>>> print(open('upload_21.csv').read())   # CSV, C-alpha atoms
chain,number,residue,atom,x,y,z
A,1,MET,CA,-42.5,116.2,11.9
A,2,ARG,CA,-44.1,118.3,9.1
A,3,LEU,CA,-47.2,117.0,7.3
A,4,LEU,CA,-48.7,118.4,4.1
A,5,LEU,CA,-52.5,118.3,3.9
A,6,ILE,CA,-53.7,118.7,0.4
A,7,ASN,CA,-57.3,119.7,-0.3
A,8,PRO,CA,-57.6,119.2,-4.1
A,9,ASN,CA,-60.9,121.1,-4.4
A,10,THR,CA,-60.7,124.9,-4.6
A,11,THR,CA,-62.7,126.0,-1.5
A,12,ASP,CA,-60.4,127.6,1.0
A,13,SER,CA,-62.9,127.3,3.8
A,14,ILE,CA,-62.9,123.5,3.5
A,15,THR,CA,-59.1,123.5,3.7
A,16,ALA,CA,-59.3,125.8,6.8
A,17,LEU,CA,-61.9,123.5,8.4
A,18,MET,CA,-59.7,120.4,8.0
A,19,ALA,CA,-56.5,122.1,8.9
A,20,GLU,CA,-57.9,123.6,12.1
A,21,ARG,CA,-59.3,120.2,13.2
A,22,ALA,CA,-56.0,118.4,12.1
A,23,ARG,CA,-53.9,120.8,14.2
A,24,ARG,CA,-56.1,120.0,17.3
A,25,LEU,CA,-55.7,116.2,16.7
A,26,VAL,CA,-52.0,115.9,16.2
A,27,GLU,CA,-49.5,115.5,19.0
A,28,PRO,CA,-47.1,118.4,19.9
A,29,GLY,CA,-44.2,118.5,17.5
A,30,VAL,CA,-46.3,117.7,14.4
A,31,GLU,CA,-46.8,120.7,12.1
A,32,VAL,CA,-49.7,120.6,9.6
A,33,ARG,CA,-49.1,122.6,6.4
A,34,ALA,CA,-52.3,122.9,4.3
A,35,ALA,CA,-52.6,123.5,0.5
A,36,THR,CA,-55.8,124.1,-1.6
A,37,GLY,CA,-56.2,123.2,-5.2
A,38,ARG,CA,-55.3,126.1,-7.5
A,39,PHE,CA,-57.9,125.1,-10.1
A,40,GLY,CA,-60.9,122.8,-10.5
A,41,ALA,CA,-64.3,122.3,-8.9
A,42,ARG,CA,-65.3,124.1,-5.7
A,43,TYR,CA,-66.3,120.7,-4.3
A,44,ILE,CA,-65.7,117.3,-5.9
A,45,ALA,CA,-68.9,115.5,-6.6
A,46,SER,CA,-68.4,113.8,-10.0
A,47,ARG,CA,-65.8,111.8,-11.9
A,48,ALA,CA,-65.0,114.8,-14.1
A,49,ALA,CA,-64.3,117.0,-11.1
A,50,ALA,CA,-62.2,114.2,-9.5
A,51,ALA,CA,-60.1,113.8,-12.6
A,52,ILE,CA,-59.3,117.5,-12.6
A,53,ALA,CA,-58.7,117.4,-8.8
A,54,ALA,CA,-56.0,114.7,-9.3
A,55,HIS,CA,-54.0,117.1,-11.5
A,56,ALA,CA,-54.6,119.9,-8.9
A,57,ALA,CA,-53.3,117.6,-6.2
A,58,LEU,CA,-50.1,116.9,-8.1
A,59,GLU,CA,-49.5,120.6,-8.6
A,60,ALA,CA,-50.1,121.3,-4.9
A,61,PHE,CA,-47.7,118.6,-4.0
A,62,ALA,CA,-45.0,120.0,-6.4
A,63,GLU,CA,-45.5,123.5,-4.9
A,64,HIS,CA,-45.7,122.7,-1.2
A,65,ALA,CA,-44.2,119.3,-0.4
A,66,GLU,CA,-40.6,120.4,0.0
A,67,GLY,CA,-39.4,119.8,3.6
A,68,CYS,CA,-42.5,117.7,4.5
A,69,ASP,CA,-42.2,114.2,6.0
A,70,GLY,CA,-45.6,112.9,4.9
A,71,VAL,CA,-48.6,113.9,2.8
A,72,LEU,CA,-52.4,113.5,3.5
A,73,LEU,CA,-54.6,113.6,0.4
A,74,ALA,CA,-57.6,115.1,2.2
A,75,CYS,CA,-60.4,114.3,-0.2
A,76,PHE,CA,-62.7,111.3,0.3
A,77,GLY,CA,-62.2,109.3,-2.9
A,78,ASP,CA,-58.5,110.1,-3.0
A,79,PRO,CA,-58.1,111.6,-6.6
A,80,GLY,CA,-54.6,111.2,-7.8
A,81,LEU,CA,-53.5,109.0,-4.9
A,82,LEU,CA,-51.4,106.5,-6.8
A,83,ALA,CA,-49.8,109.3,-8.9
A,84,LEU,CA,-48.8,111.1,-5.7
A,85,LYS,CA,-47.4,107.9,-4.2
A,86,GLU,CA,-45.4,107.4,-7.4
A,87,ILE,CA,-43.7,110.9,-7.5
A,88,SER,CA,-43.3,111.4,-3.7
A,89,ALA,CA,-40.2,110.4,-1.8
A,90,VAL,CA,-42.2,110.5,1.5
A,91,PRO,CA,-45.3,108.5,2.4
A,92,VAL,CA,-48.7,109.7,0.9
A,93,VAL,CA,-51.9,108.5,2.6
A,94,GLY,CA,-55.4,109.0,1.2
A,95,MET,CA,-58.2,109.9,3.5
A,96,ALA,CA,-60.6,107.3,2.0
A,97,GLU,CA,-57.8,104.6,1.7
A,98,ALA,CA,-57.0,105.0,5.4
A,99,SER,CA,-60.6,105.1,6.5
A,100,CYS,CA,-61.5,101.8,4.7
A,101,HIS,CA,-58.5,100.0,6.1
A,102,LEU,CA,-59.2,101.2,9.6
A,103,ALA,CA,-62.8,100.2,9.4
A,104,CYS,CA,-61.8,96.7,8.6
A,105,LEU,CA,-60.1,96.5,12.0
A,106,PHE,CA,-63.4,97.1,13.8
A,107,GLY,CA,-65.4,94.3,12.1
A,108,ARG,CA,-66.1,92.0,9.2
A,109,GLN,CA,-68.0,94.6,7.2
A,110,PHE,CA,-68.2,98.4,7.0
A,111,SER,CA,-70.3,101.0,5.4
A,112,ILE,CA,-69.8,104.5,4.1
A,113,VAL,CA,-72.0,107.5,4.6
A,114,THR,CA,-71.3,110.7,2.6
A,115,GLY,CA,-72.9,113.6,0.9
A,116,GLY,CA,-73.8,113.8,-2.8
A,117,GLU,CA,-75.6,111.0,-4.7
A,118,ARG,CA,-72.9,110.6,-7.4
A,119,TRP,CA,-70.4,109.5,-4.8
A,120,GLY,CA,-72.2,106.2,-4.5
A,121,PRO,CA,-71.0,104.6,-7.7
A,122,MET,CA,-67.6,106.4,-7.4
A,123,LEU,CA,-67.0,104.9,-4.0
A,124,HIS,CA,-68.0,101.4,-5.0
A,125,GLU,CA,-65.3,101.7,-7.7
A,126,PHE,CA,-62.8,103.0,-5.2
A,127,VAL,CA,-63.4,100.3,-2.6
A,128,ALA,CA,-63.0,97.7,-5.4
A,129,SER,CA,-59.7,99.3,-6.3
A,130,LEU,CA,-58.5,98.6,-2.7
A,131,GLY,CA,-59.6,95.0,-3.0
A,132,LEU,CA,-62.1,95.5,-0.2
A,133,SER,CA,-65.5,95.0,-2.0
A,134,SER,CA,-66.2,91.8,0.0
A,135,ARG,CA,-65.9,93.8,3.3
A,136,LEU,CA,-68.3,96.6,2.1
A,137,ALA,CA,-71.8,96.3,3.6
A,138,GLY,CA,-73.0,99.3,1.6
A,139,ILE,CA,-72.8,103.0,0.8
A,140,ARG,CA,-75.4,105.5,1.7
A,141,THR,CA,-75.5,109.0,0.3
A,142,VAL,CA,-77.5,111.9,1.7
A,143,ALA,CA,-78.9,114.6,-0.5
A,144,PRO,CA,-76.8,117.6,0.7
A,145,THR,CA,-73.3,117.7,-0.8
A,146,GLY,CA,-70.3,117.8,1.4
A,147,ALA,CA,-69.9,121.5,0.7
A,148,GLU,CA,-73.5,122.1,1.8
A,149,ILE,CA,-73.0,120.1,4.9
A,150,ALA,CA,-69.9,122.0,5.8
A,151,ALA,CA,-71.8,125.3,5.3
A,152,ASP,CA,-74.6,124.2,7.7
A,153,PRO,CA,-73.6,121.1,9.6
A,154,GLU,CA,-76.3,121.5,12.3
A,155,ARG,CA,-79.0,121.0,9.6
A,156,ALA,CA,-77.4,117.7,8.4
A,157,LEU,CA,-76.7,116.0,11.7
A,158,ALA,CA,-80.0,114.2,12.1
A,159,LEU,CA,-79.9,113.0,8.5
A,160,LEU,CA,-76.3,111.7,8.8
A,161,ALA,CA,-77.1,110.0,12.1
A,162,GLU,CA,-80.2,108.3,10.6
A,163,SER,CA,-78.1,107.0,7.6
A,164,CYS,CA,-75.3,105.7,9.9
A,165,ARG,CA,-77.9,103.9,12.0
A,166,ALA,CA,-79.4,102.3,8.9
A,167,CYS,CA,-76.0,101.1,7.9
A,168,ALA,CA,-75.7,99.2,11.1
A,169,LEU,CA,-79.2,98.0,11.6
A,170,GLU,CA,-80.2,97.3,8.0
A,171,ASP,CA,-77.0,96.7,6.1
A,172,GLY,CA,-75.1,94.8,8.8
A,173,ALA,CA,-72.2,97.1,9.0
A,174,GLU,CA,-69.9,96.7,12.1
A,175,ALA,CA,-68.3,100.1,11.5
A,176,VAL,CA,-69.4,103.2,9.6
A,177,ILE,CA,-67.2,105.7,7.8
A,178,LEU,CA,-68.5,109.3,7.8
A,179,GLY,CA,-66.6,110.3,4.6
A,180,GLY,CA,-65.8,113.7,3.2
A,181,ALA,CA,-63.8,116.8,3.7
A,182,GLY,CA,-66.8,118.8,4.5
A,183,LEU,CA,-67.9,116.3,7.2
A,184,ALA,CA,-64.7,116.6,9.2
A,185,GLY,CA,-65.4,116.5,12.9
A,186,LEU,CA,-69.0,115.4,12.6
A,187,ALA,CA,-68.4,111.7,13.4
A,188,GLU,CA,-68.1,112.3,17.1
A,189,ARG,CA,-71.4,114.2,17.1
A,190,VAL,CA,-73.4,111.4,15.4
A,191,ALA,CA,-71.6,108.5,17.1
A,192,PRO,CA,-73.9,108.5,20.2
A,193,GLU,CA,-76.8,107.8,18.0
A,194,VAL,CA,-75.2,104.9,16.2
A,195,PRO,CA,-74.7,101.3,17.7
A,196,VAL,CA,-71.4,100.7,16.0
A,197,PRO,CA,-68.1,102.8,15.7
A,198,VAL,CA,-68.3,105.8,13.5
A,199,ILE,CA,-65.0,106.8,11.8
A,200,CYS,CA,-64.1,110.3,10.9
A,201,SER,CA,-62.4,110.1,7.5
A,202,LEU,CA,-60.1,113.1,8.2
A,203,GLU,CA,-59.0,111.7,11.6
A,204,ALA,CA,-58.4,108.3,10.1
A,205,GLY,CA,-56.3,109.7,7.3
A,206,LEU,CA,-54.4,112.1,9.6
A,207,ARG,CA,-53.4,109.4,12.1
A,208,ALA,CA,-52.3,107.0,9.3
A,209,ALA,CA,-50.2,109.7,7.6
A,210,VAL,CA,-48.5,110.6,10.9
A,211,ALA,CA,-47.8,106.9,11.6
A,212,ALA,CA,-46.5,106.3,8.1
A,213,ALA,CA,-44.2,109.4,8.2
A,214,GLY,CA,-42.9,108.2,11.6
A,215,LEU,CA,-41.6,105.0,10.1
A,216,HIS,CA,-39.0,106.8,8.0
A,217,ALA,CA,-39.4,104.1,5.3
A,218,ALA,CA,-37.3,104.4,2.2
A,219,LYS,CA,-38.8,105.2,-1.2
A,220,PRO,CA,-39.3,101.9,-3.2
A,221,THR,CA,-36.7,101.3,-5.8
A,222,SER,CA,-38.7,98.7,-7.6
A,223,GLY,CA,-42.3,98.1,-8.5
A,224,SER,CA,-45.0,100.4,-9.8
A,225,LEU,CA,-44.4,103.1,-7.1
A,226,ALA,CA,-40.6,103.4,-7.7
A,227,ALA,CA,-39.2,106.8,-8.7
A,228,THR,CA,-40.5,107.9,-12.1
A,229,PRO,CA,-38.3,108.4,-15.2
A,230,ALA,CA,-37.6,112.0,-16.3
A,231,VAL,CA,-40.1,113.3,-18.9
A,232,ALA,CA,-40.6,116.6,-20.6
A,233,SER,CA,-44.0,118.3,-20.4
A,234,VAL,CA,-46.1,121.1,-21.9
A,235,GLY,CA,-48.5,123.5,-20.2
A,236,LEU,CA,-48.0,122.5,-16.6
A,237,SER,CA,-47.1,124.7,-13.7
A,238,ALA,CA,-43.4,125.4,-13.4
A,239,ALA,CA,-43.1,123.4,-10.2
A,240,LEU,CA,-44.8,120.3,-11.5
A,241,ALA,CA,-42.9,120.5,-14.8
A,242,ARG,CA,-39.6,120.7,-13.0
A,243,MET,CA,-40.6,117.7,-10.8
A,244,LEU,CA,-41.4,115.6,-13.9
A,245,GLU,CA,-38.3,116.7,-15.8
A,246,ALA,CA,-36.1,115.8,-12.8
A,247,GLY,CA,-37.7,112.3,-12.5
A,248,GLY,CA,-36.8,110.2,-9.5
>>> encode(input="upload_21.csv", output="structure tokens")
Amino acid sequence: MRLLLINPNTTDSITALMAERARRLVEPGVEVRAATGRFGARYIASRAAAAIAAHAALEAFAEHAEGCDGVLLACFGDPGLLALKEISAVPVVGMAEASCHLACLFGRQFSIVTGGERWGPMLHEFVASLGLSSRLAGIRTVAPTGAEIAADPERALALLAESCRACALEDGAEAVILGGAGLAGLAERVAPEVPVPVICSLEAGLRAAVAAAGLHAAKPTSGSLAATPAVASVGLSAALARMLEAGG
């Protein structure tokens, strides 16, 4: 099985962090191919950056998805997720999408902890788009961004653990998602300090993507995620333009 991990921000070190951890998590026989956004923000922390990242994710898919059995959109917030599902013939799983659904298996309500204050409203909107607002106990953001946490994780561990504990003890969460590409691998380090399960968003997305790819399900032929009609374009990368012009 070959899985494409798309990091739609433009920081190669974040891609390397996630790819290294993903390769340690998957079973033998699963190859993880990683791609970084060619343009856009170094780290996604606003709606504007997320909108640009959706385009970058589509381009990365067009450039690198050939021969892959599944795709993981490895950005918490999943920019461009439905567009990727629409144009892809193989399963596409979003890191945030998978984390939220997994969290619902652990209890009635879940919370999210992530870096960067602007992610609070953005993630409320995202959870609503999944139809899970009634399951959300709360969202807590810490001052360092995900990029800053990735650069110095030791400095952020106590702050993240404190926020995760507050989700459980004050907000009533029965599971907590530690969300963000830059936070990959930190859930297991804060979990001993938290009285409910702590979910790593990368691991949740990775395992869901592998499971979806393993089903070998056919591309929908009806509905909103069926193959797209052919359309001409202007100003796109050659690979993405060809994909749109070919349609489904």
>>> residues_near_point(input="upload_21.csv", point="(-47.3, 119.5, 4.7)", cutoff="10 Å", atoms="only C-alpha atoms", output="list in words")
Met1, Arg2, Leu3, Leu4, Leu5, Ile6, Val30, Glu31, Val32, Arg33, Ala34, Ala35, Phe61, His64, Ala65, Glu66, Gly67, Cys68, Asp69, Gly70, Val71 and Leu72 of chain A
>>> atom_distance(input="upload_21.csv", atom1="atom CA of Ala246 of chain A", atom2="atom CA of Ala230 of chain A")
5.4 Å
>>> closest_residue(input="upload_21.csv", among="A:Leu202, A:Leu130, A:Met243, A:Ala173", to="Glu59 of chain A", atoms="all atoms listed in the file")
A:Met243
>>> residues_around(input="upload_21.csv", residues="segment 79-95 of chain A", least_positions_apart="4", cutoff="9 Å", atoms="all atoms listed in the file", output="PyMOL selection string")
chain A and resi 8+50-58+61+65+68-75+99-100+179-181+201-206+208-209+212-213+216-220+224-228+243-244+247-248
>>> write_last_selection(input="upload_21.csv", atoms="C-alpha atoms", output="mmCIF file, in the frame of the given file")
data_model
loop_
_atom_site.group_PDB
_atom_site.id
_atom_site.type_symbol
_atom_site.label_atom_id
_atom_site.label_comp_id
_atom_site.auth_asym_id
_atom_site.auth_seq_id
_atom_site.Cartn_x
_atom_site.Cartn_y
_atom_site.Cartn_z
ATOM 1 C CA PRO A 8 -57.600 119.200 -4.100
ATOM 2 C CA ALA A 50 -62.200 114.200 -9.500
ATOM 3 C CA ALA A 51 -60.100 113.800 -12.600
ATOM 4 C CA ILE A 52 -59.300 117.500 -12.600
ATOM 5 C CA ALA A 53 -58.700 117.400 -8.800
ATOM 6 C CA ALA A 54 -56.000 114.700 -9.300
ATOM 7 C CA HIS A 55 -54.000 117.100 -11.500
ATOM 8 C CA ALA A 56 -54.600 119.900 -8.900
ATOM 9 C CA ALA A 57 -53.300 117.600 -6.200
ATOM 10 C CA LEU A 58 -50.100 116.900 -8.100
ATOM 11 C CA PHE A 61 -47.700 118.600 -4.000
ATOM 12 C CA ALA A 65 -44.200 119.300 -0.400
ATOM 13 C CA CYS A 68 -42.500 117.700 4.500
ATOM 14 C CA ASP A 69 -42.200 114.200 6.000
ATOM 15 C CA GLY A 70 -45.600 112.900 4.900
ATOM 16 C CA VAL A 71 -48.600 113.900 2.800
ATOM 17 C CA LEU A 72 -52.400 113.500 3.500
ATOM 18 C CA LEU A 73 -54.600 113.600 0.400
ATOM 19 C CA ALA A 74 -57.600 115.100 2.200
ATOM 20 C CA CYS A 75 -60.400 114.300 -0.200
ATOM 21 C CA SER A 99 -60.600 105.100 6.500
ATOM 22 C CA CYS A 100 -61.500 101.800 4.700
ATOM 23 C CA GLY A 179 -66.600 110.300 4.600
ATOM 24 C CA GLY A 180 -65.800 113.700 3.200
ATOM 25 C CA ALA A 181 -63.800 116.800 3.700
ATOM 26 C CA SER A 201 -62.400 110.100 7.500
ATOM 27 C CA LEU A 202 -60.100 113.100 8.200
ATOM 28 C CA GLU A 203 -59.000 111.700 11.600
ATOM 29 C CA ALA A 204 -58.400 108.300 10.100
ATOM 30 C CA GLY A 205 -56.300 109.700 7.300
ATOM 31 C CA LEU A 206 -54.400 112.100 9.600
ATOM 32 C CA ALA A 208 -52.300 107.000 9.300
ATOM 33 C CA ALA A 209 -50.200 109.700 7.600
ATOM 34 C CA ALA A 212 -46.500 106.300 8.100
ATOM 35 C CA ALA A 213 -44.200 109.400 8.200
ATOM 36 C CA HIS A 216 -39.000 106.800 8.000
ATOM 37 C CA ALA A 217 -39.400 104.100 5.300
ATOM 38 C CA ALA A 218 -37.300 104.400 2.200
ATOM 39 C CA LYS A 219 -38.800 105.200 -1.200
ATOM 40 C CA PRO A 220 -39.300 101.900 -3.200
ATOM 41 C CA SER A 224 -45.000 100.400 -9.800
ATOM 42 C CA LEU A 225 -44.400 103.100 -7.100
ATOM 43 C CA ALA A 226 -40.600 103.400 -7.700
ATOM 44 C CA ALA A 227 -39.200 106.800 -8.700
ATOM 45 C CA THR A 228 -40.500 107.900 -12.100
ATOM 46 C CA MET A 243 -40.600 117.700 -10.800
ATOM 47 C CA LEU A 244 -41.400 115.600 -13.900
ATOM 48 C CA GLY A 247 -37.700 112.300 -12.500
ATOM 49 C CA GLY A 248 -36.800 110.200 -9.500
#
>>> atom_distance(input="upload_21.csv", atom1="atom CA of Ala103 of chain A", atom2="atom CA of Val198 of chain A")
8.9 Å
>>> atom_distance(input="upload_21.csv", atom1="atom CA of Ala143 of chain A", atom2="atom CA of Asn7 of chain A")
22.2 Å
>>> closest_residue(input="upload_21.csv", among="A:Ile199, A:Ala151, A:Ile44, A:Leu132", to="Cys164 of chain A", atoms="all atoms listed in the file")
A:Ile199
>>> closest_residue(input="upload_21.csv", among="A:Gly214, A:Gly182, A:Pro121, A:Gly172", to="Thr145 of chain A", atoms="only C-alpha atoms")
A:Gly182
>>> closest_residue(input="upload_21.csv", among="A:Val210, A:Leu25, A:Val127, A:Leu183", to="Ala147 of chain A", atoms="all atoms listed in the file")
A:Leu183
>>> closest_residue(input="upload_21.csv", among="A:Gly185, A:Glu170, A:Gly77, A:Thr11", to="His124 of chain A", atoms="only C-alpha atoms")
A:Gly77
>>> residues_near_point(input="upload_21.csv", point="(-78.0, 113.5, 9.5)", cutoff="12 Å", atoms="only C-alpha atoms", output="PyMOL selection string")
chain A and resi 113-115+140-144+146+149+152-166+178+183+186-187+189-191+193-194
>>> closest_residue(input="upload_21.csv", among="A:Ala41, A:Ala49, A:Val176, A:Ala16", to="Glu188 of chain A", atoms="all atoms listed in the file")
A:Val176
>>> decode(input="upload_21.csv", residues="segment 38-49 of chain A", atoms="N, CA, C and O atoms", output="PDB file, in the first residue's frame")
ATOM      1  N   ARG A  38       3.692  23.852  -2.403  1.00  0.00           N
ATOM      2  CA  ARG A  38       4.696  24.586  -3.193  1.00  0.00           C
ATOM      3  C   ARG A  38       4.634  26.079  -2.924  1.00  0.00           C
ATOM      4  O   ARG A  38       5.619  26.800  -3.111  1.00  0.00           O
ATOM      5  N   PHE A  39       3.469  26.583  -2.486  1.00  0.00           N
ATOM      6  CA  PHE A  39       3.303  28.012  -2.238  1.00  0.00           C
ATOM      7  C   PHE A  39       2.363  28.189  -1.056  1.00  0.00           C
ATOM      8  O   PHE A  39       1.671  27.262  -0.657  1.00  0.00           O
ATOM      9  N   GLY A  40       2.353  29.403  -0.500  1.00  0.00           N
ATOM     10  CA  GLY A  40       1.450  29.694   0.606  1.00  0.00           C
ATOM     11  C   GLY A  40       2.186  29.989   1.889  1.00  0.00           C
ATOM     12  O   GLY A  40       3.388  30.276   1.903  1.00  0.00           O
ATOM     13  N   ALA A  41       1.461  29.922   2.993  1.00  0.00           N
ATOM     14  CA  ALA A  41       2.003  30.287   4.299  1.00  0.00           C
ATOM     15  C   ALA A  41       2.971  29.226   4.810  1.00  0.00           C
ATOM     16  O   ALA A  41       2.818  28.040   4.519  1.00  0.00           O
ATOM     17  N   ARG A  42       3.942  29.678   5.609  1.00  0.00           N
ATOM     18  CA  ARG A  42       4.860  28.740   6.247  1.00  0.00           C
ATOM     19  C   ARG A  42       4.117  27.854   7.236  1.00  0.00           C
ATOM     20  O   ARG A  42       4.435  26.676   7.389  1.00  0.00           O
ATOM     21  N   TYR A  43       3.126  28.422   7.930  1.00  0.00           N
ATOM     22  CA  TYR A  43       2.279  27.645   8.820  1.00  0.00           C
ATOM     23  C   TYR A  43       0.884  28.254   8.775  1.00  0.00           C
ATOM     24  O   TYR A  43       0.756  29.475   8.723  1.00  0.00           O
ATOM     25  N   ILE A  44      -0.130  27.421   8.770  1.00  0.00           N
ATOM     26  CA  ILE A  44      -1.497  27.888   8.556  1.00  0.00           C
ATOM     27  C   ILE A  44      -2.111  28.294   9.895  1.00  0.00           C
ATOM     28  O   ILE A  44      -2.257  27.469  10.793  1.00  0.00           O
ATOM     29  N   ALA A  45      -2.456  29.563  10.006  1.00  0.00           N
ATOM     30  CA  ALA A  45      -3.006  30.068  11.260  1.00  0.00           C
ATOM     31  C   ALA A  45      -4.057  31.146  11.020  1.00  0.00           C
ATOM     32  O   ALA A  45      -4.304  31.984  11.885  1.00  0.00           O
ATOM     33  N   SER A  46      -4.692  31.130   9.850  1.00  0.00           N
ATOM     34  CA  SER A  46      -5.748  32.094   9.545  1.00  0.00           C
ATOM     35  C   SER A  46      -6.601  31.524   8.420  1.00  0.00           C
ATOM     36  O   SER A  46      -6.196  30.598   7.719  1.00  0.00           O
ATOM     37  N   ARG A  47      -7.783  32.121   8.228  1.00  0.00           N
ATOM     38  CA  ARG A  47      -8.646  31.673   7.135  1.00  0.00           C
ATOM     39  C   ARG A  47      -7.988  31.934   5.778  1.00  0.00           C
ATOM     40  O   ARG A  47      -8.115  31.134   4.852  1.00  0.00           O
ATOM     41  N   ALA A  48      -7.316  33.078   5.651  1.00  0.00           N
ATOM     42  CA  ALA A  48      -6.664  33.395   4.381  1.00  0.00           C
ATOM     43  C   ALA A  48      -5.603  32.362   4.046  1.00  0.00           C
ATOM     44  O   ALA A  48      -5.521  31.865   2.904  1.00  0.00           O
ATOM     45  N   ALA A  49      -4.768  32.025   5.034  1.00  0.00           N
ATOM     46  CA  ALA A  49      -3.730  31.025   4.806  1.00  0.00           C
ATOM     47  C   ALA A  49      -4.344  29.665   4.486  1.00  0.00           C
ATOM     48  O   ALA A  49      -3.818  28.913   3.653  1.00  0.00           O
TER      49      ALA A  49
END
